[in-house]
$ cat input-v8.pdb   # PDB, C-alpha atoms
ATOM      1  CA  MET A 211       0.720 -13.887   7.513  1.00  0.00           C
ATOM      2  CA  LEU A 212      -1.496 -10.895   6.812  1.00  0.00           C
ATOM      3  CA  ARG A 213      -4.469 -11.282   4.476  1.00  0.00           C
ATOM      4  CA  ILE A 214      -4.669  -8.578   1.807  1.00  0.00           C
ATOM      5  CA  GLY A 215      -7.860  -7.126   0.347  1.00  0.00           C
ATOM      6  CA  TYR A 216      -8.042  -4.754  -2.619  1.00  0.00           C
ATOM      7  CA  ARG A 217     -10.436  -1.863  -3.244  1.00  0.00           C
ATOM      8  CA  PRO A 218     -11.529  -1.621  -6.907  1.00  0.00           C
ATOM      9  CA  ALA A 219      -9.970   1.862  -7.109  1.00  0.00           C
ATOM     10  CA  PHE A 220      -6.604   0.428  -6.021  1.00  0.00           C
ATOM     11  CA  LEU A 221      -6.728  -2.212  -8.753  1.00  0.00           C
ATOM     12  CA  ARG A 222      -7.560   0.431 -11.382  1.00  0.00           C
ATOM     13  CA  MET A 223      -4.637   2.591 -10.232  1.00  0.00           C
ATOM     14  CA  LEU A 224      -2.294  -0.410 -10.282  1.00  0.00           C
ATOM     15  CA  LYS A 225      -3.281  -1.353 -13.853  1.00  0.00           C
ATOM     16  CA  LYS A 226      -2.428   2.169 -15.073  1.00  0.00           C
ATOM     17  CA  LEU A 227       1.196   1.860 -13.920  1.00  0.00           C
ATOM     18  CA  PRO A 228       3.998   0.643 -16.214  1.00  0.00           C
ATOM     19  CA  PRO A 229       4.506  -3.155 -16.081  1.00  0.00           C
ATOM     20  CA  THR A 230       7.847  -2.919 -14.263  1.00  0.00           C
ATOM     21  CA  LEU A 231       6.321  -0.726 -11.560  1.00  0.00           C
ATOM     22  CA  GLN A 232       3.308  -3.059 -11.306  1.00  0.00           C
ATOM     23  CA  GLN A 233       5.683  -5.960 -10.638  1.00  0.00           C
ATOM     24  CA  GLU A 234       7.633  -3.943  -8.087  1.00  0.00           C
ATOM     25  CA  ALA A 235       4.355  -3.107  -6.306  1.00  0.00           C
ATOM     26  CA  LYS A 236       3.296  -6.780  -6.318  1.00  0.00           C
ATOM     27  CA  ASP A 237       6.655  -7.766  -4.812  1.00  0.00           C
ATOM     28  CA  ARG A 238       6.257  -5.151  -2.059  1.00  0.00           C
ATOM     29  CA  ILE A 239       2.690  -6.300  -1.372  1.00  0.00           C
ATOM     30  CA  ALA A 240       3.978  -9.868  -0.991  1.00  0.00           C
ATOM     31  CA  LEU A 241       6.642  -8.645   1.453  1.00  0.00           C
ATOM     32  CA  PHE A 242       3.993  -6.626   3.326  1.00  0.00           C
ATOM     33  CA  SER A 243       1.757  -9.698   3.664  1.00  0.00           C
ATOM     34  CA  GLN A 244       4.679 -11.714   5.059  1.00  0.00           C
ATOM     35  CA  ASP A 245       6.063  -9.025   7.371  1.00  0.00           C
ATOM     36  CA  PRO A 246       4.040  -5.787   7.690  1.00  0.00           C
ATOM     37  CA  GLN A 247       6.730  -4.309   9.962  1.00  0.00           C
ATOM     38  CA  HIS A 248       9.648  -4.899   7.553  1.00  0.00           C
ATOM     39  CA  ALA A 249      11.983  -1.888   7.764  1.00  0.00           C
ATOM     40  CA  SER A 250      12.342  -1.486   3.989  1.00  0.00           C
ATOM     41  CA  LEU A 251       8.586  -0.821   3.664  1.00  0.00           C
ATOM     42  CA  ARG A 252       8.900   2.307   5.816  1.00  0.00           C
ATOM     43  CA  GLY A 253       5.317   1.856   6.999  1.00  0.00           C
ATOM     44  CA  HIS A 254       3.714   4.661   8.963  1.00  0.00           C
ATOM     45  CA  LYS A 255       0.381   6.018  10.183  1.00  0.00           C
ATOM     46  CA  LEU A 256      -1.123   8.883   8.248  1.00  0.00           C
ATOM     47  CA  LYS A 257      -2.514  12.059   9.784  1.00  0.00           C
ATOM     48  CA  GLY A 258      -5.098  14.696   8.975  1.00  0.00           C
ATOM     49  CA  THR A 259      -7.796  13.736   6.491  1.00  0.00           C
ATOM     50  CA  LEU A 260      -6.183  10.291   6.083  1.00  0.00           C
ATOM     51  CA  ARG A 261      -6.334   9.550   9.804  1.00  0.00           C
ATOM     52  CA  GLY A 262      -6.899   5.848  10.485  1.00  0.00           C
ATOM     53  CA  ARG A 263      -4.981   4.851   7.372  1.00  0.00           C
ATOM     54  CA  TRP A 264      -1.403   3.729   6.896  1.00  0.00           C
ATOM     55  CA  SER A 265       1.136   3.868   4.095  1.00  0.00           C
ATOM     56  CA  PHE A 266       4.144   1.845   2.943  1.00  0.00           C
ATOM     57  CA  SER A 267       6.704   2.449   0.210  1.00  0.00           C
ATOM     58  CA  VAL A 268       6.894   0.667  -3.117  1.00  0.00           C
ATOM     59  CA  ASN A 269      10.022   2.634  -4.013  1.00  0.00           C
ATOM     60  CA  TYR A 270      11.366   6.110  -3.366  1.00  0.00           C
ATOM     61  CA  ARG A 271       8.536   7.751  -5.316  1.00  0.00           C
ATOM     62  CA  PHE A 272       5.465   5.488  -4.997  1.00  0.00           C
ATOM     63  CA  ARG A 273       3.410   4.637  -1.925  1.00  0.00           C
ATOM     64  CA  ILE A 274       0.512   2.341  -1.101  1.00  0.00           C
ATOM     65  CA  VAL A 275      -2.206   3.580   1.255  1.00  0.00           C
ATOM     66  CA  PHE A 276      -4.086   0.961   3.252  1.00  0.00           C
ATOM     67  CA  ARG A 277      -6.162   0.417   6.345  1.00  0.00           C
ATOM     68  CA  TYR A 278      -6.332  -2.468   8.761  1.00  0.00           C
ATOM     69  CA  GLU A 279      -9.676  -4.272   8.874  1.00  0.00           C
ATOM     70  CA  ASN A 280      -8.461  -6.206  11.899  1.00  0.00           C
ATOM     71  CA  LYS A 281      -5.123  -7.570  13.101  1.00  0.00           C
ATOM     72  CA  HIS A 282      -5.161 -10.262  10.385  1.00  0.00           C
ATOM     73  CA  THR A 283      -6.410  -8.274   7.360  1.00  0.00           C
ATOM     74  CA  ALA A 284      -5.355  -5.103   5.536  1.00  0.00           C
ATOM     75  CA  VAL A 285      -7.196  -3.483   2.618  1.00  0.00           C
ATOM     76  CA  LEU A 286      -5.159  -1.651  -0.022  1.00  0.00           C
ATOM     77  CA  LEU A 287      -6.860   1.630  -0.935  1.00  0.00           C
ATOM     78  CA  ALA A 288      -4.589   3.574  -3.297  1.00  0.00           C
ATOM     79  CA  ILE A 289      -1.208   3.551  -5.002  1.00  0.00           C
ATOM     80  CA  GLY A 290       0.699   6.521  -6.376  1.00  0.00           C
ATOM     81  CA  THR A 291       3.102   9.337  -5.640  1.00  0.00           C
ATOM     82  CA  HIS A 292       2.725  11.618  -2.634  1.00  0.00           C
ATOM     83  CA  ALA A 293      -0.191  13.192  -4.513  1.00  0.00           C
ATOM     84  CA  ILE A 294      -2.392  10.321  -3.253  1.00  0.00           C
ATOM     85  CA  TYR A 295      -2.150  11.863   0.210  1.00  0.00           C
ATOM     86  CA  GLU A 296      -4.064  14.926  -0.951  1.00  0.00           C
TER      87      GLU A 296
END

$ encode --input "input-v8.pdb" --output "structure tokens"
Amino acid sequence: MLRIGYRPAFLRMLKKLPPTLQQEAKDRIALFSQDPQHASLRGHKLKGTLRGRWSFSVNYRFRIVFRYENKHTAVLLAIGTHAIYE
């Protein structure tokens, strides 16, 4: 099981989302902690200015950006639409 850390900015972004989307994100985070390679997360490495970071899907529109601290820990950095990649 993967340990999950949260940046304060991530928590602020999460709190601004509608309650149903917050719950959906929490469910996806739980799945991510159990199986980071789960196909439905569509996890992938990011490029360019976000090099060294990864992303997984909450739903079709929203993504979570994270980085691995080590092979046992990931830190969630941001949540939002594709605009968070910019």

$ residues_around --input "input-v8.pdb" --residues "Ile214 (chain A)" --least-positions-apart "3" --cutoff "10 Å" --atoms "all atoms listed in the file" --output "mmCIF file with C-alpha atoms, in the coordinates of the input"
data_model
loop_
_atom_site.group_PDB
_atom_site.id
_atom_site.type_symbol
_atom_site.label_atom_id
_atom_site.label_comp_id
_atom_site.auth_asym_id
_atom_site.auth_seq_id
_atom_site.Cartn_x
_atom_site.Cartn_y
_atom_site.Cartn_z
ATOM 1 C CA MET A 211 0.720 -13.887 7.513
ATOM 2 C CA ILE A 239 2.690 -6.300 -1.372
ATOM 3 C CA ALA A 240 3.978 -9.868 -0.991
ATOM 4 C CA PHE A 242 3.993 -6.626 3.326
ATOM 5 C CA SER A 243 1.757 -9.698 3.664
ATOM 6 C CA PHE A 276 -4.086 0.961 3.252
ATOM 7 C CA TYR A 278 -6.332 -2.468 8.761
ATOM 8 C CA GLU A 279 -9.676 -4.272 8.874
ATOM 9 C CA HIS A 282 -5.161 -10.262 10.385
ATOM 10 C CA THR A 283 -6.410 -8.274 7.360
ATOM 11 C CA ALA A 284 -5.355 -5.103 5.536
ATOM 12 C CA VAL A 285 -7.196 -3.483 2.618
ATOM 13 C CA LEU A 286 -5.159 -1.651 -0.022
#

$ residues_around --input "input-v8.pdb" --residues "Ala288 (chain A)" --least-positions-apart "6" --cutoff "10 Å" --atoms "all atoms listed in the file" --output "VMD selection string"
chain A and resid 216 to 224 265 273 to 276 294 to 295

$ write_last_selection --input "input-v8.pdb" --atoms "C-alpha atoms" --output "PDB file, in the frame of the given file"
ATOM      1  CA  TYR A 216      -8.042  -4.754  -2.619  1.00  0.00           C
ATOM      2  CA  ARG A 217     -10.436  -1.863  -3.244  1.00  0.00           C
ATOM      3  CA  PRO A 218     -11.529  -1.621  -6.907  1.00  0.00           C
ATOM      4  CA  ALA A 219      -9.970   1.862  -7.109  1.00  0.00           C
ATOM      5  CA  PHE A 220      -6.604   0.428  -6.021  1.00  0.00           C
ATOM      6  CA  LEU A 221      -6.728  -2.212  -8.753  1.00  0.00           C
ATOM      7  CA  ARG A 222      -7.560   0.431 -11.382  1.00  0.00           C
ATOM      8  CA  MET A 223      -4.637   2.591 -10.232  1.00  0.00           C
ATOM      9  CA  LEU A 224      -2.294  -0.410 -10.282  1.00  0.00           C
ATOM     10  CA  SER A 265       1.136   3.868   4.095  1.00  0.00           C
ATOM     11  CA  ARG A 273       3.410   4.637  -1.925  1.00  0.00           C
ATOM     12  CA  ILE A 274       0.512   2.341  -1.101  1.00  0.00           C
ATOM     13  CA  VAL A 275      -2.206   3.580   1.255  1.00  0.00           C
ATOM     14  CA  PHE A 276      -4.086   0.961   3.252  1.00  0.00           C
ATOM     15  CA  ILE A 294      -2.392  10.321  -3.253  1.00  0.00           C
ATOM     16  CA  TYR A 295      -2.150  11.863   0.210  1.00  0.00           C
TER      17      TYR A 295
END

$ residues_around --input "input-v8.pdb" --residues "Ser250 (chain A)" --least-positions-apart "4" --cutoff "10 Å" --atoms "only C-alpha atoms" --output "list in words"
Arg238, Leu241, Phe242, Phe266, Ser267, Val268 and Asn269 of chain A

$ atom_distance --input "input-v8.pdb" --atom1 "CA of Lys257 (chain A)" --atom2 "CA of Gly290 (chain A)"
17.4 Å

$ closest_residue --input "input-v8.pdb" --among "A:Gln244, A:Phe272, A:Arg277, A:Glu296" --to "Leu227 (chain A)" --atoms "only C-alpha atoms"
A:Phe272

$ atom_distance --input "input-v8.pdb" --atom1 "CA of Pro228 (chain A)" --atom2 "CA of Tyr270 (chain A)"
15.8 Å

$ atom_distance --input "input-v8.pdb" --atom1 "CA of Ala235 (chain A)" --atom2 "CA of Thr291 (chain A)"
12.5 Å

$ closest_residue --input "input-v8.pdb" --among "A:Lys281, A:Glu234, A:Leu287, A:Arg252" --to "Arg213 (chain A)" --atoms "all atoms listed in the file"
A:Lys281

$ closest_residue --input "input-v8.pdb" --among "A:Lys225, A:Gln232, A:Leu212, A:Gly262" --to "Gln247 (chain A)" --atoms "only C-alpha atoms"
A:Leu212

$ build_atoms --input "input-v8.pdb" --residues "region 252-270 of chain A" --atoms "N, CA and C atoms" --output "PDB file, in the coordinates of the input"
ATOM      1  N   ARG A 252       9.047   0.979   5.210  1.00  0.00           N
ATOM      2  CA  ARG A 252       8.900   2.307   5.816  1.00  0.00           C
ATOM      3  C   ARG A 252       7.422   2.629   6.095  1.00  0.00           C
ATOM      4  N   GLY A 253       6.731   1.676   6.676  1.00  0.00           N
ATOM      5  CA  GLY A 253       5.317   1.856   6.999  1.00  0.00           C
ATOM      6  C   GLY A 253       5.109   2.895   8.084  1.00  0.00           C
ATOM      7  N   HIS A 254       4.014   3.644   7.955  1.00  0.00           N
ATOM      8  CA  HIS A 254       3.714   4.661   8.963  1.00  0.00           C
ATOM      9  C   HIS A 254       2.232   5.029   8.917  1.00  0.00           C
ATOM     10  N   LYS A 255       1.745   5.511  10.079  1.00  0.00           N
ATOM     11  CA  LYS A 255       0.381   6.018  10.183  1.00  0.00           C
ATOM     12  C   LYS A 255       0.278   7.345   9.468  1.00  0.00           C
ATOM     13  N   LEU A 256      -0.884   7.598   8.906  1.00  0.00           N
ATOM     14  CA  LEU A 256      -1.123   8.883   8.248  1.00  0.00           C
ATOM     15  C   LEU A 256      -1.928   9.787   9.173  1.00  0.00           C
ATOM     16  N   LYS A 257      -1.847  11.070   8.933  1.00  0.00           N
ATOM     17  CA  LYS A 257      -2.514  12.059   9.784  1.00  0.00           C
ATOM     18  C   LYS A 257      -3.495  12.879   8.974  1.00  0.00           C
ATOM     19  N   GLY A 258      -4.181  13.773   9.638  1.00  0.00           N
ATOM     20  CA  GLY A 258      -5.098  14.696   8.975  1.00  0.00           C
ATOM     21  C   GLY A 258      -6.302  13.991   8.385  1.00  0.00           C
ATOM     22  N   THR A 259      -6.614  14.318   7.133  1.00  0.00           N
ATOM     23  CA  THR A 259      -7.796  13.736   6.491  1.00  0.00           C
ATOM     24  C   THR A 259      -7.649  12.240   6.244  1.00  0.00           C
ATOM     25  N   LEU A 260      -6.423  11.727   6.290  1.00  0.00           N
ATOM     26  CA  LEU A 260      -6.183  10.291   6.083  1.00  0.00           C
ATOM     27  C   LEU A 260      -6.012   9.545   7.408  1.00  0.00           C
ATOM     28  N   ARG A 261      -6.427  10.169   8.486  1.00  0.00           N
ATOM     29  CA  ARG A 261      -6.334   9.550   9.804  1.00  0.00           C
ATOM     30  C   ARG A 261      -7.006   8.175   9.794  1.00  0.00           C
ATOM     31  N   GLY A 262      -6.371   7.205  10.448  1.00  0.00           N
ATOM     32  CA  GLY A 262      -6.899   5.848  10.485  1.00  0.00           C
ATOM     33  C   GLY A 262      -6.371   4.982   9.354  1.00  0.00           C
ATOM     34  N   ARG A 263      -5.593   5.592   8.473  1.00  0.00           N
ATOM     35  CA  ARG A 263      -4.981   4.851   7.372  1.00  0.00           C
ATOM     36  C   ARG A 263      -3.475   4.815   7.559  1.00  0.00           C
ATOM     37  N   TRP A 264      -2.843   3.921   6.833  1.00  0.00           N
ATOM     38  CA  TRP A 264      -1.403   3.729   6.896  1.00  0.00           C
ATOM     39  C   TRP A 264      -0.844   3.784   5.485  1.00  0.00           C
ATOM     40  N   SER A 265       0.477   3.846   5.389  1.00  0.00           N
ATOM     41  CA  SER A 265       1.136   3.868   4.095  1.00  0.00           C
ATOM     42  C   SER A 265       2.428   3.064   4.176  1.00  0.00           C
ATOM     43  N   PHE A 266       2.812   2.431   3.049  1.00  0.00           N
ATOM     44  CA  PHE A 266       4.144   1.845   2.943  1.00  0.00           C
ATOM     45  C   PHE A 266       4.703   2.139   1.558  1.00  0.00           C
ATOM     46  N   SER A 267       6.012   2.069   1.436  1.00  0.00           N
ATOM     47  CA  SER A 267       6.704   2.449   0.210  1.00  0.00           C
ATOM     48  C   SER A 267       6.832   1.292  -0.763  1.00  0.00           C
ATOM     49  N   VAL A 268       6.582   1.600  -2.036  1.00  0.00           N
ATOM     50  CA  VAL A 268       6.894   0.667  -3.117  1.00  0.00           C
ATOM     51  C   VAL A 268       8.338   0.929  -3.535  1.00  0.00           C
ATOM     52  N   ASN A 269       8.658   2.190  -3.725  1.00  0.00           N
ATOM     53  CA  ASN A 269      10.022   2.634  -4.013  1.00  0.00           C
ATOM     54  C   ASN A 269      10.145   4.060  -3.485  1.00  0.00           C
ATOM     55  N   TYR A 270      11.163   4.761  -3.891  1.00  0.00           N
ATOM     56  CA  TYR A 270      11.366   6.110  -3.366  1.00  0.00           C
ATOM     57  C   TYR A 270      10.206   7.039  -3.701  1.00  0.00           C
TER      58      TYR A 270
END
